[in-house]
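Data block for run-v6.cif (mmCIF, C-alpha atoms):
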data_final
#
loop_
_atom_site.group_PDB
_atom_site.id
_atom_site.type_symbol
_atom_site.label_atom_id
_atom_site.label_comp_id
_atom_site.auth_asym_id
_atom_site.auth_seq_id
_atom_site.Cartn_x
_atom_site.Cartn_y
_atom_site.Cartn_z
ATOM 1 C CA MET A 38 1.373 -15.154 -20.678
ATOM 2 C CA SER A 39 1.103 -11.388 -20.609
ATOM 3 C CA GLU A 40 4.242 -9.676 -19.425
ATOM 4 C CA ALA A 41 2.685 -6.236 -19.460
ATOM 5 C CA TYR A 42 2.787 -4.323 -16.206
ATOM 6 C CA SER A 43 -0.362 -2.399 -15.469
ATOM 7 C CA ARG A 44 0.054 1.262 -16.210
ATOM 8 C CA PRO A 45 0.720 3.297 -13.064
ATOM 9 C CA VAL A 46 -1.774 6.013 -12.257
ATOM 10 C CA THR A 47 -0.255 9.464 -12.513
ATOM 11 C CA GLY A 48 -1.651 12.968 -12.330
ATOM 12 C CA HIS A 49 -5.206 13.546 -11.164
ATOM 13 C CA VAL A 50 -7.698 10.946 -10.000
ATOM 14 C CA PRO A 51 -11.201 11.894 -11.244
ATOM 15 C CA VAL A 52 -13.548 13.175 -8.538
ATOM 16 C CA LEU A 53 -17.237 12.691 -9.415
ATOM 17 C CA ARG A 54 -20.116 14.437 -7.714
ATOM 18 C CA LEU A 55 -23.247 12.407 -7.012
ATOM 19 C CA GLY A 56 -25.778 14.556 -5.189
ATOM 20 C CA ASP A 57 -24.261 15.460 -1.863
ATOM 21 C CA VAL A 58 -21.331 13.072 -2.155
ATOM 22 C CA LEU A 59 -17.971 13.141 -3.920
ATOM 23 C CA LEU A 60 -17.110 9.735 -5.360
ATOM 24 C CA VAL A 61 -13.511 8.728 -5.972
ATOM 25 C CA THR A 62 -12.508 5.381 -7.443
ATOM 26 C CA LEU A 63 -8.903 4.360 -6.849
ATOM 27 C CA GLN A 64 -7.542 1.699 -9.135
ATOM 28 C CA GLY A 65 -4.214 0.078 -9.815
ATOM 29 C CA ASP A 66 -0.936 1.317 -8.448
ATOM 30 C CA LEU A 67 -0.955 4.924 -7.308
ATOM 31 C CA HIS A 68 2.033 7.238 -7.379
ATOM 32 C CA ASP A 69 2.733 8.908 -4.054
ATOM 33 C CA SER A 70 2.372 12.269 -5.779
ATOM 34 C CA THR A 71 -1.003 11.257 -7.271
ATOM 35 C CA ALA A 72 -2.316 10.326 -3.825
ATOM 36 C CA GLN A 73 -1.151 13.651 -2.411
ATOM 37 C CA GLN A 74 -2.704 15.512 -5.341
ATOM 38 C CA LEU A 75 -6.012 13.735 -4.649
ATOM 39 C CA GLN A 76 -5.855 14.807 -1.006
ATOM 40 C CA GLN A 77 -5.507 18.430 -2.096
ATOM 41 C CA ASP A 78 -8.148 18.162 -4.849
ATOM 42 C CA LEU A 79 -10.675 16.714 -2.396
ATOM 43 C CA ALA A 80 -10.188 19.474 0.177
ATOM 44 C CA GLU A 81 -10.678 22.105 -2.508
ATOM 45 C CA THR A 82 -13.709 20.371 -4.028
ATOM 46 C CA ILE A 83 -15.425 19.871 -0.646
ATOM 47 C CA SER A 84 -14.869 23.505 0.213
ATOM 48 C CA ARG A 85 -16.117 24.716 -3.183
ATOM 49 C CA THR A 86 -19.190 22.484 -3.482
ATOM 50 C CA GLY A 87 -20.216 22.113 0.158
ATOM 51 C CA VAL A 88 -20.882 18.384 -0.182
ATOM 52 C CA ARG A 89 -21.477 16.452 3.039
ATOM 53 C CA GLY A 90 -19.794 13.195 2.142
ATOM 54 C CA VAL A 91 -16.774 11.636 0.426
ATOM 55 C CA LEU A 92 -16.810 8.044 -0.758
ATOM 56 C CA ILE A 93 -13.505 6.442 -1.749
ATOM 57 C CA ASP A 94 -13.818 3.113 -3.544
ATOM 58 C CA ILE A 95 -10.592 1.123 -3.090
ATOM 59 C CA SER A 96 -11.880 -2.222 -4.404
ATOM 60 C CA GLY A 97 -9.409 -1.932 -7.290
ATOM 61 C CA VAL A 98 -6.435 -1.267 -5.007
ATOM 62 C CA GLU A 99 -4.119 -4.237 -4.506
ATOM 63 C CA ILE A 100 -2.045 -2.861 -1.648
ATOM 64 C CA VAL A 101 -2.377 -0.096 0.920
ATOM 65 C CA ASP A 102 0.956 0.680 2.538
ATOM 66 C CA SER A 103 1.547 3.108 5.408
ATOM 67 C CA PHE A 104 1.861 6.000 2.970
ATOM 68 C CA LEU A 105 -1.505 5.450 1.277
ATOM 69 C CA GLY A 106 -3.036 4.571 4.664
ATOM 70 C CA ARG A 107 -1.862 7.901 6.028
ATOM 71 C CA VAL A 108 -3.242 9.748 2.986
ATOM 72 C CA LEU A 109 -6.654 8.091 3.462
ATOM 73 C CA ALA A 110 -6.659 8.969 7.178
ATOM 74 C CA GLU A 111 -5.676 12.559 6.418
ATOM 75 C CA ILE A 112 -8.372 12.881 3.734
ATOM 76 C CA ALA A 113 -10.948 11.772 6.332
ATOM 77 C CA ALA A 114 -9.564 14.173 8.950
ATOM 78 C CA GLN A 115 -9.493 17.177 6.652
ATOM 79 C CA ALA A 116 -12.983 16.352 5.284
ATOM 80 C CA ARG A 117 -14.278 16.282 8.868
ATOM 81 C CA LEU A 118 -12.871 19.784 9.419
ATOM 82 C CA LEU A 119 -14.689 20.843 6.251
ATOM 83 C CA ALA A 120 -17.979 19.383 7.570
ATOM 84 C CA ALA A 121 -17.977 16.244 5.392
ATOM 85 C CA ARG A 122 -17.883 12.549 6.298
ATOM 86 C CA THR A 123 -15.592 10.087 4.550
ATOM 87 C CA VAL A 124 -16.258 6.408 3.893
ATOM 88 C CA VAL A 125 -13.677 4.059 2.386
ATOM 89 C CA ALA A 126 -15.453 1.276 0.517
ATOM 90 C CA GLY A 127 -14.540 -2.110 -0.878
ATOM 91 C CA MET A 128 -11.249 -2.887 0.830
ATOM 92 C CA ARG A 129 -9.964 -6.297 -0.276
ATOM 93 C CA PRO A 130 -9.661 -8.922 2.501
ATOM 94 C CA ALA A 131 -5.922 -9.391 1.852
ATOM 95 C CA VAL A 132 -5.432 -5.628 2.214
ATOM 96 C CA ALA A 133 -7.289 -5.600 5.559
ATOM 97 C CA ILE A 134 -5.208 -8.536 6.864
ATOM 98 C CA THR A 135 -1.992 -6.820 5.783
ATOM 99 C CA LEU A 136 -2.902 -3.426 7.252
ATOM 100 C CA VAL A 137 -3.607 -4.929 10.678
ATOM 101 C CA GLU A 138 -0.333 -6.849 10.638
ATOM 102 C CA LEU A 139 1.457 -3.690 9.552
ATOM 103 C CA GLY A 140 0.035 -2.044 12.666
ATOM 104 C CA LEU A 141 -2.197 0.351 10.775
ATOM 105 C CA THR A 142 -5.796 -0.086 11.943
ATOM 106 C CA LEU A 143 -6.851 3.432 10.880
ATOM 107 C CA PRO A 144 -9.369 3.907 13.713
ATOM 108 C CA GLY A 145 -10.604 7.266 12.404
ATOM 109 C CA LEU A 146 -11.722 5.823 9.083
ATOM 110 C CA SER A 147 -15.330 4.749 8.363
ATOM 111 C CA THR A 148 -15.572 1.777 6.019
ATOM 112 C CA ALA A 149 -18.199 -0.037 3.993
ATOM 113 C CA LEU A 150 -17.994 -3.301 2.096
ATOM 114 C CA SER A 151 -19.279 -1.874 -1.174
ATOM 115 C CA THR A 152 -19.852 1.468 -2.872
ATOM 116 C CA GLU A 153 -23.598 0.918 -2.491
ATOM 117 C CA ALA A 154 -23.295 0.308 1.258
ATOM 118 C CA GLY A 155 -21.014 3.337 1.506
ATOM 119 C CA MET A 156 -23.573 5.581 -0.182
ATOM 120 C CA GLU A 157 -26.243 4.315 2.205
ATOM 121 C CA LEU A 158 -23.948 5.061 5.129
ATOM 122 C CA LEU A 159 -23.601 8.601 3.833
ATOM 123 C CA GLY A 160 -27.369 8.892 3.591
ATOM 124 C CA GLN A 161 -27.455 8.863 -0.183
ATOM 125 C CA GLN A 162 -29.056 6.619 -2.717
ATOM 126 C CA ALA A 163 -26.629 4.278 -4.362
ATOM 127 C CA PRO A 164 -25.375 5.448 -7.756
ATOM 128 C CA VAL A 165 -26.750 2.322 -9.448
ATOM 129 C CA THR A 166 -30.450 2.370 -10.285
ATOM 130 C CA ARG A 167 -32.320 -0.287 -8.381
ATOM 131 C CA PRO A 168 -35.752 -1.588 -9.349
ATOM 132 C CA GLY A 169 -38.465 0.642 -7.956
ATOM 133 C CA SER A 170 -36.157 3.451 -6.904
ATOM 134 C CA PRO A 171 -36.188 6.704 -8.822
ATOM 135 C CA ARG A 172 -32.915 7.694 -10.405
ATOM 136 C CA GLN A 173 -31.005 10.324 -8.493
ATOM 137 C CA GLU A 174 -30.399 13.468 -10.454
ATOM 138 C CA SER A 175 -26.978 14.942 -9.943
ATOM 139 C CA PRO A 176 -27.014 18.719 -9.813
ATOM 140 C CA MET B 39 17.854 -6.776 -16.084
ATOM 141 C CA HIS B 40 15.526 -9.742 -15.768
ATOM 142 C CA THR B 41 16.750 -13.276 -15.327
ATOM 143 C CA ALA B 42 15.307 -16.523 -13.974
ATOM 144 C CA ALA B 43 11.957 -16.126 -15.734
ATOM 145 C CA GLY B 44 11.082 -12.677 -14.446
ATOM 146 C CA VAL B 45 11.731 -13.392 -10.760
ATOM 147 C CA GLU B 46 15.299 -12.180 -10.308
ATOM 148 C CA ALA B 47 16.003 -8.547 -10.982
ATOM 149 C CA CYS B 48 17.878 -5.518 -9.773
ATOM 150 C CA LEU B 49 15.729 -2.401 -9.807
ATOM 151 C CA PRO B 50 16.793 1.193 -9.105
ATOM 152 C CA ILE B 51 14.933 3.162 -6.416
ATOM 153 C CA ARG B 52 15.346 6.810 -7.358
ATOM 154 C CA SER B 53 11.811 8.238 -7.545
ATOM 155 C CA ASP B 54 8.227 7.473 -6.539
ATOM 156 C CA MET B 55 7.806 6.091 -10.048
ATOM 157 C CA ASP B 56 10.419 3.460 -9.154
ATOM 158 C CA LEU B 57 8.365 2.485 -6.087
ATOM 159 C CA VAL B 58 5.580 1.514 -8.497
ATOM 160 C CA TRP B 59 7.945 -0.696 -10.527
ATOM 161 C CA VAL B 60 9.289 -2.325 -7.356
ATOM 162 C CA ARG B 61 5.756 -3.189 -6.189
ATOM 163 C CA GLN B 62 4.763 -4.523 -9.601
ATOM 164 C CA HIS B 63 7.898 -6.622 -9.940
ATOM 165 C CA VAL B 64 7.527 -8.122 -6.454
ATOM 166 C CA ARG B 65 3.877 -8.940 -7.069
ATOM 167 C CA GLN B 66 4.626 -10.650 -10.362
ATOM 168 C CA ALA B 67 7.616 -12.572 -8.995
ATOM 169 C CA ALA B 68 5.665 -13.729 -5.922
ATOM 170 C CA ALA B 69 2.741 -14.848 -8.079
ATOM 171 C CA ARG B 70 5.110 -16.780 -10.309
ATOM 172 C CA LEU B 71 6.638 -18.572 -7.315
ATOM 173 C CA GLY B 72 3.193 -19.715 -6.197
ATOM 174 C CA PHE B 73 2.538 -17.292 -3.329
ATOM 175 C CA GLY B 74 -1.075 -17.108 -2.179
ATOM 176 C CA LEU B 75 -2.935 -13.810 -2.469
ATOM 177 C CA VAL B 76 -2.503 -12.818 1.188
ATOM 178 C CA GLU B 77 1.232 -13.634 1.185
ATOM 179 C CA GLN B 78 1.638 -11.716 -2.078
ATOM 180 C CA THR B 79 -0.130 -8.707 -0.618
ATOM 181 C CA LYS B 80 1.977 -8.811 2.557
ATOM 182 C CA LEU B 81 5.250 -9.084 0.658
ATOM 183 C CA VAL B 82 4.368 -6.327 -1.819
ATOM 184 C CA THR B 83 3.338 -4.077 1.074
ATOM 185 C CA ALA B 84 6.585 -4.807 2.939
ATOM 186 C CA ALA B 85 8.556 -4.118 -0.250
ATOM 187 C CA SER B 86 6.740 -0.818 -0.676
ATOM 188 C CA GLU B 87 7.597 0.251 2.892
ATOM 189 C CA LEU B 88 11.244 -0.744 2.536
ATOM 190 C CA ALA B 89 11.670 0.801 -0.909
ATOM 191 C CA ARG B 90 10.199 4.041 0.389
ATOM 192 C CA ASN B 91 12.679 3.994 3.283
ATOM 193 C CA THR B 92 15.486 3.502 0.756
ATOM 194 C CA LEU B 93 14.213 6.483 -1.220
ATOM 195 C CA VAL B 94 13.284 8.864 1.595
ATOM 196 C CA HIS B 95 15.866 8.080 4.282
ATOM 197 C CA GLY B 96 18.658 6.525 2.214
ATOM 198 C CA GLY B 97 18.552 9.058 -0.607
ATOM 199 C CA GLY B 98 17.850 6.325 -3.158
ATOM 200 C CA GLY B 99 19.399 2.952 -3.883
ATOM 201 C CA GLN B 100 18.278 -0.344 -5.326
ATOM 202 C CA MET B 101 16.318 -3.519 -4.729
ATOM 203 C CA GLU B 102 17.634 -6.905 -5.695
ATOM 204 C CA ALA B 103 15.218 -9.828 -5.961
ATOM 205 C CA VAL B 104 16.547 -13.387 -5.741
ATOM 206 C CA HIS B 105 14.755 -16.723 -5.977
ATOM 207 C CA VAL B 106 15.603 -18.999 -3.028
ATOM 208 C CA SER B 107 14.422 -22.500 -2.220
ATOM 209 C CA SER B 108 14.612 -24.762 0.779
ATOM 210 C CA GLY B 109 13.255 -28.293 1.056
ATOM 211 C CA GLY B 110 11.227 -27.879 -2.125
ATOM 212 C CA VAL B 111 9.603 -24.645 -0.941
ATOM 213 C CA HIS B 112 10.103 -21.573 -3.105
ATOM 214 C CA GLY B 113 10.868 -18.206 -1.618
ATOM 215 C CA LEU B 114 11.690 -14.680 -2.653
ATOM 216 C CA ARG B 115 14.539 -12.740 -1.054
ATOM 217 C CA LEU B 116 14.560 -8.977 -1.464
ATOM 218 C CA SER B 117 17.549 -6.800 -0.587
ATOM 219 C CA PHE B 118 17.158 -3.041 -0.305
ATOM 220 C CA THR B 119 20.461 -1.191 -0.350
ATOM 221 C CA ASP B 120 21.268 2.467 -0.019
ATOM 222 C CA GLU B 121 24.388 4.496 0.614
ATOM 223 C CA GLY B 122 22.644 7.046 2.772
ATOM 224 C CA PRO B 123 23.365 8.308 6.277
ATOM 225 C CA GLY B 124 22.651 4.920 7.896
ATOM 226 C CA ILE B 125 20.747 4.279 11.108
ATOM 227 C CA ALA B 126 22.520 5.071 14.371
ATOM 228 C CA ASP B 127 20.071 3.294 16.694
ATOM 229 C CA LEU B 128 18.607 0.181 15.055
ATOM 230 C CA ASP B 129 16.534 -0.825 18.090
ATOM 231 C CA GLN B 130 14.847 2.554 18.093
ATOM 232 C CA ALA B 131 14.309 2.502 14.325
ATOM 233 C CA LEU B 132 12.652 -0.920 14.606
ATOM 234 C CA SER B 133 10.210 0.081 17.329
ATOM 235 C CA ASP B 134 6.578 0.864 16.517
ATOM 236 C CA GLY B 135 5.764 4.520 16.246
ATOM 237 C CA TYR B 136 9.328 5.724 15.929
ATOM 238 C CA THR B 137 9.652 8.084 12.995
ATOM 239 C CA SER B 138 12.467 10.236 11.748
ATOM 240 C CA GLY B 139 10.389 11.634 8.920
ATOM 241 C CA ASN B 140 6.748 12.541 8.443
ATOM 242 C CA GLY B 141 5.391 8.982 8.289
ATOM 243 C CA LEU B 142 3.496 7.042 10.910
ATOM 244 C CA GLY B 143 6.622 5.255 12.104
ATOM 245 C CA MET B 144 5.221 1.897 11.003
ATOM 246 C CA GLY B 145 7.442 1.320 7.976
ATOM 247 C CA LEU B 146 10.355 -0.692 9.326
ATOM 248 C CA SER B 147 8.671 -2.399 12.280
ATOM 249 C CA GLY B 148 5.566 -3.110 10.215
ATOM 250 C CA ALA B 149 7.524 -4.519 7.293
ATOM 251 C CA ARG B 150 9.313 -6.863 9.684
ATOM 252 C CA ARG B 151 5.980 -8.345 10.799
ATOM 253 C CA LEU B 152 4.873 -8.925 7.195
ATOM 254 C CA VAL B 153 7.756 -11.201 6.169
ATOM 255 C CA HIS B 154 9.184 -14.516 7.401
ATOM 256 C CA ASP B 155 12.842 -13.472 7.721
ATOM 257 C CA PHE B 156 14.136 -9.964 8.309
ATOM 258 C CA ASP B 157 17.700 -8.808 8.549
ATOM 259 C CA ILE B 158 19.121 -5.297 8.687
ATOM 260 C CA GLU B 159 22.669 -3.996 8.533
ATOM 261 C CA SER B 160 23.449 -0.345 8.844
ATOM 262 C CA THR B 161 26.641 1.616 9.168
ATOM 263 C CA PRO B 162 26.293 5.281 10.103
ATOM 264 C CA GLY B 163 27.677 7.333 7.238
ATOM 265 C CA ALA B 164 27.921 4.374 4.863
ATOM 266 C CA GLY B 165 24.388 3.128 4.248
ATOM 267 C CA THR B 166 21.780 0.524 5.058
ATOM 268 C CA THR B 167 20.866 -2.891 3.681
ATOM 269 C CA VAL B 168 17.583 -4.576 4.604
ATOM 270 C CA ARG B 169 17.099 -8.190 3.509
ATOM 271 C CA VAL B 170 13.724 -9.893 3.760
ATOM 272 C CA THR B 171 12.608 -13.359 2.715
ATOM 273 C CA CYS B 172 9.115 -14.722 2.226
ATOM 274 C CA TRP B 173 8.240 -18.345 1.488
ATOM 275 C CA ALA B 174 5.411 -19.550 -0.721
ATOM 276 C CA ALA B 175 4.481 -21.934 2.095
ATOM 277 C CA GLN B 176 5.510 -21.854 5.736
ATOM 278 C CA PRO B 177 8.908 -23.558 6.073
ATOM 279 C CA PRO B 178 8.440 -27.208 7.104
ATOM 280 C CA ARG B 179 8.352 -27.736 10.859
ATOM 281 C CA PRO B 180 9.289 -30.883 12.760
ATOM 282 C CA ARG B 181 6.378 -33.285 12.935
ATOM 283 C CA GLU B 182 4.733 -33.505 16.315
ATOM 284 C CA GLU B 183 4.682 -36.813 18.203
ATOM 285 C CA VAL B 184 1.374 -38.609 17.780
#
Show me the file's structure as structure tokens.
Amino acid sequence: MSEAYSRPVTGHVPVLRLGDVLLVTLQGDLHDSTAQQLQQDLAETISRTGVRGVLIDISGVEIVDSFLGRVLAEIAAQARLLAARTVVAGMRPAVAITLVELGLTLPGLSTALSTEAGMELLGQQAPVTRPGSPRQESP
Amino acid sequence: MHTAAGVEACLPIRSDMDLVWVRQHVRQAAARLGFGLVEQTKLVTAASELARNTLVHGGGGQMEAVHVSSGGVHGLRLSFTDEGPGIADLDQALSDGYTSGNGLGMGLSGARRLVHDFDIESTPGAGTTVRVTCWAAQPPRPREEV
């Protein structure tokens, strides 16, 4: 049996630009400081690039506590002030159950079940190429 | 300091890096004791809230994990101890929305809802200990009359 703990994520989380959307994939166990750094990076990137949407994929996140929940809510609030919409995609069912019991329903946050659905919600083509759909060129 | 096949441990809580180790240890210990995915997620989330309280409000401390069992059901008991300023008004601290810091005020009251047993002792000026227990299955209840 593997005893190895998964490596904690430190430093910067990569922010990818796909057309008019910034895509962030959170995975594993995030440091508090990494989450706060992401919040700052996103505000700066939205302001610099003028994108209209932010998509945060949390399908690889095992727990969302009140700290990370607050960071996600604040990212959405600050993006709104910078004229961008935020969608959080792929929340695990156990995470949703836990957040509600914790008392954190995050009413200001838009969600989608998958990255693809999130991109559609933001009015973009999904990043995966589907049959019959032309590939989206990122600028 | 790991004993009892990776379940029992005493971990320091001194930095946000330590919060990551606390979460990972609790997840692994709960999985080993046969917790389901939802119960694991709830307990790890509660542990994260309580460890952050220890760090932010208690000025650091430690978490001790102990394997408990009752009537053949396995459980995990976590004790978070600090020697910080303590909590003067426990009722207030345990109410939803009360915050002394910059959080949402859901940490303590929320963590209490996520576990089966919750116990807090605090002495102003001497520190705080929060003890929570989660069981791999709901503790057996008396059988209803048929």
**Prompt:** Within 10 Å of chain A, which residues of chain B show up when using all atoms listed in the file, listed as a PyMOL selection string?
**Reply:** chain B and resi 44+53-59+61-63+65-66+74-87+90+134-135+140-152
**Message:** Selection in question (the file shown): the PyMOL selection byres ((chain B and resi 94) around 10). Which residues does it include, as an MDAnalysis selection string?
**Reply:** chainID B and resid 51:54 88:93 95:98 122 139
**Asked** Which residues, written as a PyMOL selection string, have at least one atom at most 12 Å from B:Asp129, with only C-alpha atoms counted and residues fewer than 2 positions away on the same chain left out?
**Response** chain B and resi 125-127+131-134+136+146-147+158-160
**Message:** With distances taken over all atoms listed in the file, which residue among B:Gly99, B:Gly113, B:Gly124, B:Pro50 lies nearest B:Val170?
**Reply:**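 Of B:Gly99, B:Gly113, B:Gly124, B:Pro50, the one nearest B:Val170 is B:Gly113, counting all atoms listed in the file.
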**Message:** Measuring between only C-alpha atoms, which one of A:Val61, A:Met128, A:Leu53, A:Leu150 shows the shortest distance to A:Leu75?
**Reply:**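 Among the listed residues, the smallest separation from A:Leu75 belongs to A:Val61.
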**Prompt:** In terms of the shortest atom-to-atom distance over only C-alpha atoms, which of A:Gln77, A:Leu118, A:Thr62, A:Thr86 is closest to A:Val98?
**Reply:** A:Thr62
**Item:** Selection: 9 Å around A:His49, all atoms listed in the file, excl. self and same-chain fewer than 3 positions, as a ChimeraX atom specification
**Value:** /A:46,52,71-72,74-75,78
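Using all atoms listed in the file, the nearest neighbour of B:Val106 within the list B:Val45, B:Leu128, B:Val168, B:Val64 is B:Val45.
The space between atom CA of B:Gly72 and atom CA of A:Thr142 spans 28.2 Å.
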